[in-house]
Amino acid sequence: MFLDTSKIFIKSGKGGDGHVSFRREKFVPDGGPDGGDGGRGGDIVFEIDKGLSALNDYRYSHKFCAQNGADGGNKRCNGKDGEDLILKVPEGTIIRDEKTGKIVADMSRGNQRQVVLTGGRGGKGNMHYATSTMQAPKYAQPGQAARELNVILELKVLADVGLVGFPNAGKSTLLSRVSNAQPKIANYPFTTLNPILGVVEKNVSKPFIIADIPGLIEGASGGIGLGIKFLKHIERTRLLVHMVDAVAPDETEPVTAIEKIRTELAAYSEDLLKKPFVIAVNKLDALDEDEKESILKKVRDHFSDKEVFGISAVSGYGIPELISRISVLLSEIKEDIVTYEPDFVYEEDSSAGLPFTVTFDQEENVYLVEGPRIERMLGYTNLSSEKGFDFFQKFMKENEILSQLEELGIKDGDTVRIYGWDFDYYK
Ligand SMILES: Nc1nc2c(ncn2[C@@H]2O[C@H](COP(=O)(O)OP(=O)(O)OP(=O)(O)O)[C@@H](O)[C@H]2O)c(=O)[nH]1
Ligand SMILES: [Mg+2]
């Protein structure tokens with residue numbers, strides 16, 4: 001079976017915690033801090049695999065977690081980084097946030113590999129927190145939390161040409177003749193059950209990809225037949241080939257058949273209707289010269305501004321002309337296939353709501369700010385960078401930590417200690 005949507009849960013690795021330890025050596029009574037850093041957590045990475053044509057790998061597995069970073073150790077040992085988890089998808093896979101429907105990534109063309117969830121940063125060990133006033137820091141930074149997300153994977157195939165038509169028109173027969181693909185061909189409707197891609201390489205200046213779309217029927221856009229399920233696979237093609245059976249009975253004769261298919265395309269999306277197209281009238285080998293002429297004339301009269309090719313997918317008649325014309329048309333159409341711009345932004349788990357305390361330590365004459373809310377903030381803030389420090393100042397203000405310090409009577413020049421970091425307070 002061909003799977004073109006799947007819902008999965010992804011989670012990056014948590015950063016390892018920094019370690020608290022002190023050097024112990026003979027004859028050295030008070031060894032300095034030597035707790036190592038935690039390793040970084042693994043990323044969740046999506047990668048295009050050209051060998052894949054469906055999302056079948058995601059049928060039974062729905063949960064994907066990258067490895068956590070290891071905690072730091074003593075003697076300045078840093079924890080091992082967690083391994084990234086690489087998820088392979090076919091080209092054309094769109095990743096959406098399940099909750100908001102926003103685009104996380106579109107794995108197409110230029111975007112062959114993308115980190116979708118970064119692993120948590122490893123926490124710094126206490127060896128980083130020794131300062132002139134704080135020789136024996138008992139604090140190490142916790143590792144940054146893992147990031148997790150429920151996402152919907154949706155495949156919208158990327159092909160240059162979409163082959164559309166009623167069932168049994170001979171689409172798969174044509175594909176098998178001009179490309180490397182080997183679709184099933186049979187004399188009954190709905191032989192092809194999912195889109196099949198083939199690469200056309202012979203007799204063209206630049207190879208292109210044709211998608212054989214399962215037969216459409218009246219009402220397809222409303223879900224009849226294999227219907228709407230496959231119309232989305234036409235969205236990202238650049239050129240359509242309307243294929244019709246020249247020997248089909250009246251109600252499915254070429255002009256009617258093409259008009260019906262175009263009604264379905266329009267009902268799905270006006271954009272499909274705007275795509276350039278050519279017409280291939282197939283099975284001409286089954287007609288005599290007069291019948292051939294009269295059918296082609298009818299189609300040409302009706303679609304007077306379109307290019308109409310008479311072909312036989314079985315005998316090969318007319319196919320070189322059709323293929324070389326498609327090749328030229330493709331070179332004239334700009335490569336502006338629909339790609340989806342990411343608009344999803346991962347929101348860090350908020351530290352709001354977690355407790356914290358602000359106290360005054362008389363013995364050491366410092367103000368202490370502690371608690372899970374502060375630890376969480378330190379986990380994702382790099383205080384030694386300017387940006388990190390700005391964020392930290394904003395955090396102190398917004399979380400009313402500054403106003404609580406003021407209530408305790410803090411004055412300019414007093415020391416505030418936050419897990420081993422000492423700051424001079426200035427209003
Ligand atoms: N005489 C003749 N028969 C053809 C020609 N092309 C295809 N056929 C026959 O038409 C039948 C349907 O061909 P397919 O290629 O399976 O048709 P399809 O459009 O892919 O059909 P679905 O997959 O059901 O949408 C098969 O029996 C083919 O052998 C042709 O040029 N001439
Ligand atoms: Mg077919």
# chains A, B, ... in the order shown; residues from 1 in each chain; ligands from 1
call {"tool": "residues_near_ligand", "arguments": {"ligand": "ligand 1", "cutoff": "9 Å", "atoms": "only C-alpha atoms and all ligand atoms", "output": "PDB file with N, CA and C atoms, in the first residue's frame"}}
result
ATOM      1  N   LEU A 163       0.200  13.154 -15.343  1.00  0.00           N
ATOM      2  CA  LEU A 163      -0.578  12.471 -16.372  1.00  0.00           C
ATOM      3  C   LEU A 163      -1.969  12.237 -15.809  1.00  0.00           C
ATOM      4  N   VAL A 164      -2.963  12.915 -16.380  1.00  0.00           N
ATOM      5  CA  VAL A 164      -4.306  12.761 -15.818  1.00  0.00           C
ATOM      6  C   VAL A 164      -5.294  12.283 -16.877  1.00  0.00           C
ATOM      7  N   GLY A 165      -6.324  11.590 -16.421  1.00  0.00           N
ATOM      8  CA  GLY A 165      -7.340  11.100 -17.349  1.00  0.00           C
ATOM      9  C   GLY A 165      -8.241  10.097 -16.667  1.00  0.00           C
ATOM     10  N   PHE A 166      -9.265   9.678 -17.393  1.00  0.00           N
ATOM     11  CA  PHE A 166     -10.153   8.650 -16.867  1.00  0.00           C
ATOM     12  C   PHE A 166      -9.374   7.357 -16.691  1.00  0.00           C
ATOM     13  N   PRO A 167      -9.914   6.453 -15.906  1.00  0.00           N
ATOM     14  CA  PRO A 167      -9.291   5.136 -15.795  1.00  0.00           C
ATOM     15  C   PRO A 167      -9.267   4.479 -17.174  1.00  0.00           C
ATOM     16  N   ASN A 168      -8.281   3.652 -17.384  1.00  0.00           N
ATOM     17  CA  ASN A 168      -8.185   2.858 -18.614  1.00  0.00           C
ATOM     18  C   ASN A 168      -7.788   3.651 -19.864  1.00  0.00           C
ATOM     19  N   ALA A 169      -7.416   4.932 -19.706  1.00  0.00           N
ATOM     20  CA  ALA A 169      -7.065   5.747 -20.865  1.00  0.00           C
ATOM     21  C   ALA A 169      -5.726   5.326 -21.471  1.00  0.00           C
ATOM     22  N   GLY A 170      -4.906   4.674 -20.662  1.00  0.00           N
ATOM     23  CA  GLY A 170      -3.609   4.230 -21.161  1.00  0.00           C
ATOM     24  C   GLY A 170      -2.441   5.011 -20.564  1.00  0.00           C
ATOM     25  N   LYS A 171      -2.687   5.644 -19.413  1.00  0.00           N
ATOM     26  CA  LYS A 171      -1.649   6.475 -18.781  1.00  0.00           C
ATOM     27  C   LYS A 171      -0.439   5.627 -18.377  1.00  0.00           C
ATOM     28  N   SER A 172      -0.720   4.522 -17.729  1.00  0.00           N
ATOM     29  CA  SER A 172       0.396   3.684 -17.269  1.00  0.00           C
ATOM     30  C   SER A 172       1.144   3.070 -18.442  1.00  0.00           C
ATOM     31  N   THR A 173       0.413   2.769 -19.486  1.00  0.00           N
ATOM     32  CA  THR A 173       1.067   2.207 -20.670  1.00  0.00           C
ATOM     33  C   THR A 173       2.071   3.228 -21.223  1.00  0.00           C
ATOM     34  N   LEU A 174       1.639   4.485 -21.293  1.00  0.00           N
ATOM     35  CA  LEU A 174       2.536   5.534 -21.787  1.00  0.00           C
ATOM     36  C   LEU A 174       3.746   5.684 -20.866  1.00  0.00           C
ATOM     37  N   LEU A 175       3.496   5.740 -19.561  1.00  0.00           N
ATOM     38  CA  LEU A 175       4.601   5.906 -18.610  1.00  0.00           C
ATOM     39  C   LEU A 175       5.626   4.785 -18.778  1.00  0.00           C
ATOM     40  N   SER A 176       5.135   3.566 -18.912  1.00  0.00           N
ATOM     41  CA  SER A 176       6.052   2.426 -18.998  1.00  0.00           C
ATOM     42  C   SER A 176       6.884   2.496 -20.292  1.00  0.00           C
ATOM     43  N   PRO A 183       4.802   0.399 -14.207  1.00  0.00           N
ATOM     44  CA  PRO A 183       3.495   0.314 -13.544  1.00  0.00           C
ATOM     45  C   PRO A 183       2.687  -0.870 -14.052  1.00  0.00           C
ATOM     46  N   LYS A 184       1.717  -1.265 -13.266  1.00  0.00           N
ATOM     47  CA  LYS A 184       0.815  -2.345 -13.695  1.00  0.00           C
ATOM     48  C   LYS A 184      -0.133  -1.789 -14.761  1.00  0.00           C
ATOM     49  N   ILE A 185      -0.344  -2.589 -15.788  1.00  0.00           N
ATOM     50  CA  ILE A 185      -1.222  -2.168 -16.886  1.00  0.00           C
ATOM     51  C   ILE A 185      -2.286  -3.250 -17.062  1.00  0.00           C
ATOM     52  N   ALA A 186      -3.547  -2.881 -17.148  1.00  0.00           N
ATOM     53  CA  ALA A 186      -4.576  -3.900 -17.363  1.00  0.00           C
ATOM     54  C   ALA A 186      -5.827  -3.263 -17.936  1.00  0.00           C
ATOM     55  N   ASN A 187      -6.614  -4.079 -18.562  1.00  0.00           N
ATOM     56  CA  ASN A 187      -7.796  -3.578 -19.247  1.00  0.00           C
ATOM     57  C   ASN A 187      -9.003  -3.496 -18.313  1.00  0.00           C
ATOM     58  N   TYR A 188      -8.841  -2.823 -17.212  1.00  0.00           N
ATOM     59  CA  TYR A 188      -9.979  -2.521 -16.346  1.00  0.00           C
ATOM     60  C   TYR A 188      -9.661  -1.232 -15.598  1.00  0.00           C
ATOM     61  N   PRO A 189     -10.724  -0.525 -15.166  1.00  0.00           N
ATOM     62  CA  PRO A 189     -10.476   0.756 -14.505  1.00  0.00           C
ATOM     63  C   PRO A 189      -9.818   0.587 -13.141  1.00  0.00           C
ATOM     64  N   PHE A 190      -9.141   1.624 -12.718  1.00  0.00           N
ATOM     65  CA  PHE A 190      -8.468   1.670 -11.414  1.00  0.00           C
ATOM     66  C   PHE A 190      -7.417   0.578 -11.255  1.00  0.00           C
ATOM     67  N   THR A 191      -6.645   0.382 -12.291  1.00  0.00           N
ATOM     68  CA  THR A 191      -5.526  -0.552 -12.197  1.00  0.00           C
ATOM     69  C   THR A 191      -4.442   0.085 -11.344  1.00  0.00           C
ATOM     70  N   THR A 192      -4.203   1.366 -11.608  1.00  0.00           N
ATOM     71  CA  THR A 192      -3.181   2.075 -10.842  1.00  0.00           C
ATOM     72  C   THR A 192      -3.838   2.627  -9.576  1.00  0.00           C
ATOM     73  N   LEU A 193      -3.274   2.257  -8.437  1.00  0.00           N
ATOM     74  CA  LEU A 193      -3.918   2.637  -7.170  1.00  0.00           C
ATOM     75  C   LEU A 193      -3.210   3.768  -6.454  1.00  0.00           C
ATOM     76  N   ASN A 194      -2.031   4.108  -6.906  1.00  0.00           N
ATOM     77  CA  ASN A 194      -1.331   5.246  -6.297  1.00  0.00           C
ATOM     78  C   ASN A 194      -0.417   5.873  -7.324  1.00  0.00           C
ATOM     79  N   ASP A 212       2.319   9.377 -12.944  1.00  0.00           N
ATOM     80  CA  ASP A 212       1.115   8.703 -13.446  1.00  0.00           C
ATOM     81  C   ASP A 212       0.121   8.728 -12.292  1.00  0.00           C
ATOM     82  N   ILE A 213      -0.949   9.510 -12.474  1.00  0.00           N
ATOM     83  CA  ILE A 213      -1.929   9.676 -11.398  1.00  0.00           C
ATOM     84  C   ILE A 213      -3.066   8.676 -11.606  1.00  0.00           C
ATOM     85  N   PRO A 214      -3.493   7.983 -10.568  1.00  0.00           N
ATOM     86  CA  PRO A 214      -4.586   7.022 -10.736  1.00  0.00           C
ATOM     87  C   PRO A 214      -5.783   7.668 -11.430  1.00  0.00           C
ATOM     88  N   GLY A 215      -6.507   6.885 -12.199  1.00  0.00           N
ATOM     89  CA  GLY A 215      -7.629   7.392 -12.982  1.00  0.00           C
ATOM     90  C   GLY A 215      -8.612   8.211 -12.163  1.00  0.00           C
ATOM     91  N   LEU A 216      -9.022   9.351 -12.752  1.00  0.00           N
ATOM     92  CA  LEU A 216      -9.993  10.218 -12.088  1.00  0.00           C
ATOM     93  C   LEU A 216     -11.341   9.994 -12.748  1.00  0.00           C
ATOM     94  N   MET A 243      -4.893  12.811 -20.817  1.00  0.00           N
ATOM     95  CA  MET A 243      -4.861  11.648 -21.691  1.00  0.00           C
ATOM     96  C   MET A 243      -6.276  11.093 -21.858  1.00  0.00           C
ATOM     97  N   VAL A 244      -6.638  10.840 -23.099  1.00  0.00           N
ATOM     98  CA  VAL A 244      -7.977  10.307 -23.357  1.00  0.00           C
ATOM     99  C   VAL A 244      -7.939   9.120 -24.302  1.00  0.00           C
ATOM    100  N   ASP A 245      -8.957   8.288 -24.150  1.00  0.00           N
ATOM    101  CA  ASP A 245      -9.090   7.069 -24.927  1.00  0.00           C
ATOM    102  C   ASP A 245      -9.938   7.387 -26.163  1.00  0.00           C
ATOM    103  N   ALA A 246      -9.344   7.229 -27.341  1.00  0.00           N
ATOM    104  CA  ALA A 246     -10.050   7.588 -28.578  1.00  0.00           C
ATOM    105  C   ALA A 246     -11.155   6.596 -28.929  1.00  0.00           C
ATOM    106  N   VAL A 247     -11.083   5.408 -28.350  1.00  0.00           N
ATOM    107  CA  VAL A 247     -12.091   4.404 -28.706  1.00  0.00           C
ATOM    108  C   VAL A 247     -13.134   4.188 -27.597  1.00  0.00           C
ATOM    109  N   VAL A 281      -4.375  12.157 -27.322  1.00  0.00           N
ATOM    110  CA  VAL A 281      -5.490  11.268 -27.672  1.00  0.00           C
ATOM    111  C   VAL A 281      -4.882   9.911 -27.992  1.00  0.00           C
ATOM    112  N   ASN A 282      -5.212   8.928 -27.184  1.00  0.00           N
ATOM    113  CA  ASN A 282      -4.515   7.635 -27.226  1.00  0.00           C
ATOM    114  C   ASN A 282      -5.322   6.549 -27.948  1.00  0.00           C
ATOM    115  N   LYS A 283      -4.653   5.473 -28.215  1.00  0.00           N
ATOM    116  CA  LYS A 283      -5.223   4.251 -28.819  1.00  0.00           C
ATOM    117  C   LYS A 283      -5.606   4.465 -30.295  1.00  0.00           C
ATOM    118  N   LEU A 284      -4.861   5.349 -30.959  1.00  0.00           N
ATOM    119  CA  LEU A 284      -5.173   5.596 -32.365  1.00  0.00           C
ATOM    120  C   LEU A 284      -4.942   4.360 -33.228  1.00  0.00           C
ATOM    121  N   ASP A 285      -4.136   3.405 -32.761  1.00  0.00           N
ATOM    122  CA  ASP A 285      -3.902   2.167 -33.524  1.00  0.00           C
ATOM    123  C   ASP A 285      -5.191   1.380 -33.731  1.00  0.00           C
ATOM    124  N   ALA A 286      -6.171   1.619 -32.863  1.00  0.00           N
ATOM    125  CA  ALA A 286      -7.426   0.863 -32.961  1.00  0.00           C
ATOM    126  C   ALA A 286      -8.425   1.515 -33.924  1.00  0.00           C
ATOM    127  N   LEU A 287      -8.037   2.617 -34.556  1.00  0.00           N
ATOM    128  CA  LEU A 287      -8.957   3.327 -35.448  1.00  0.00           C
ATOM    129  C   LEU A 287      -8.417   3.341 -36.871  1.00  0.00           C
ATOM    130  N   ILE A 311      -1.708   9.751 -30.424  1.00  0.00           N
ATOM    131  CA  ILE A 311      -0.664   8.765 -30.124  1.00  0.00           C
ATOM    132  C   ILE A 311      -1.228   7.352 -30.006  1.00  0.00           C
ATOM    133  N   SER A 312      -0.309   6.408 -29.951  1.00  0.00           N
ATOM    134  CA  SER A 312      -0.672   5.065 -29.531  1.00  0.00           C
ATOM    135  C   SER A 312       0.395   4.631 -28.544  1.00  0.00           C
ATOM    136  N   ALA A 313      -0.025   4.508 -27.292  1.00  0.00           N
ATOM    137  CA  ALA A 313       0.940   4.127 -26.250  1.00  0.00           C
ATOM    138  C   ALA A 313       1.437   2.716 -26.496  1.00  0.00           C
ATOM    139  N   VAL A 314       0.603   1.893 -27.155  1.00  0.00           N
ATOM    140  CA  VAL A 314       0.997   0.511 -27.405  1.00  0.00           C
ATOM    141  C   VAL A 314       1.994   0.406 -28.563  1.00  0.00           C
ATOM    142  N   SER A 315       1.694   1.076 -29.687  1.00  0.00           N
ATOM    143  CA  SER A 315       2.594   0.935 -30.835  1.00  0.00           C
ATOM    144  C   SER A 315       3.745   1.940 -30.800  1.00  0.00           C
ATOM    145  N   GLY A 316       3.575   3.005 -30.063  1.00  0.00           N
ATOM    146  CA  GLY A 316       4.630   4.012 -29.978  1.00  0.00           C
ATOM    147  C   GLY A 316       4.399   5.162 -30.940  1.00  0.00           C
ATOM    148  N   TYR A 317       3.352   5.076 -31.725  1.00  0.00           N
ATOM    149  CA  TYR A 317       3.045   6.124 -32.706  1.00  0.00           C
ATOM    150  C   TYR A 317       2.834   7.480 -32.014  1.00  0.00           C
TER     151      TYR A 317
END
call {"tool": "atom_distance", "arguments": {"atom1": "CA of Leu330 in chain A", "atom2": "CA of Leu240 in chain A"}}
result
10.6 Å
call {"tool": "atom_distance", "arguments": {"atom1": "CA of Gly36 in chain A", "atom2": "CA of Gly13 in chain A"}}
result
18.7 Å
call {"tool": "closest_residue", "arguments": {"among": "A:Thr118, A:Gln393, A:Ser351, A:Ser385", "to": "Gly371 in chain A", "atoms": "only C-alpha atoms"}}
result
A:Ser351
call {"tool": "closest_residue", "arguments": {"among": "A:Glu47, A:Asp343, A:Glu201, A:Asp301", "to": "Val255 in chain A", "atoms": "only C-alpha atoms"}}
result
A:Asp301
call {"tool": "select_by_dssp", "arguments": {"residues": "range 217-268 of chain A", "states": "helix (DSSP H, G or I)", "output": "number ranges by chain"}}
result
A: 220-222, 228-231, 250-252, 254-268
call {"tool": "atom_distance", "arguments": {"atom1": "CA of Tyr380 in chain A", "atom2": "CA of Ile94 in chain A"}}
result
28.7 Å
call {"tool": "residues_around", "arguments": {"residues": "Lys14 in chain A", "least_positions_apart": "5", "cutoff": "6 Å", "atoms": "only C-alpha atoms", "output": "ChimeraX atom specification"}}
result
/A:41,68,120,145-146
call {"tool": "write_last_selection", "arguments": {"atoms": "C-alpha atoms", "output": "compact mmCIF listing (two decimals), in the first residue's frame"}}
result
# COMPACT_ATOMS: atom_id res chain seq x y z
CA GLY A 41 21.01 16.01 23.14
CA ASN A 68 19.77 12.25 25.34
CA GLY A 120 18.96 20.35 24.37
CA ALA A 145 15.03 20.16 28.12
CA ALA A 146 14.20 18.02 25.08
call {"tool": "closest_residue", "arguments": {"among": "A:Tyr346, A:Phe360, A:Phe392, A:Trp421", "to": "Lys102 in chain A", "atoms": "only C-alpha atoms"}}
result
A:Tyr346
call {"tool": "residues_around", "arguments": {"residues": "Val204 in chain A", "least_positions_apart": "2", "cutoff": "9 Å", "atoms": "only C-alpha atoms", "output": "list of chain:residue names"}}
result
A:Val200, A:Glu201, A:Lys202, A:Lys206, A:Pro207, A:Phe208, A:Ile323, A:Ser324, A:Ser327, A:Val328
call {"tool": "closest_residue", "arguments": {"among": "A:Ala66, A:Val104, A:Ala181, A:Leu149", "to": "ligand 2", "atoms": "only C-alpha atoms and all ligand atoms"}}
result
A:Ala181
call {"tool": "residues_around", "arguments": {"residues": "Lys63 in chain A", "least_positions_apart": "5", "cutoff": "7 Å", "atoms": "only C-alpha atoms", "output": "ChimeraX atom specification"}}
result
/A:8-10
call {"tool": "write_last_selection", "arguments": {"atoms": "C-alpha atoms", "output": "JSON list (two decimals), in the first residue's frame"}}
result
[["chain", "number", "residue", "atom", "x", "y", "z"],
["A", 8, "ILE", "CA", 4.10, 10.95, 14.21],
["A", 9, "PHE", "CA", 5.58, 12.11, 17.49],
["A", 10, "ILE", "CA", 9.14, 13.41, 17.43]]
call {"tool": "closest_residue", "arguments": {"among": "A:Ile196, A:Leu405, A:Pro33, A:Gly119", "to": "ligand 2", "atoms": "only C-alpha atoms and all ligand atoms"}}
result
A:Ile196
call {"tool": "residues_around", "arguments": {"residues": "Tyr129 in chain A", "least_positions_apart": "4", "cutoff": "12 Å", "atoms": "only C-alpha atoms", "output": "PyMOL selection string"}}
result
chain A and resi 18-22+32-37+123-125+133-141+383-384+417-422
call {"tool": "residues_around", "arguments": {"residues": "range 260-272 of chain A", "least_positions_apart": "2", "cutoff": "10 Å", "atoms": "only C-alpha atoms", "output": "count of residues only"}}
result
32
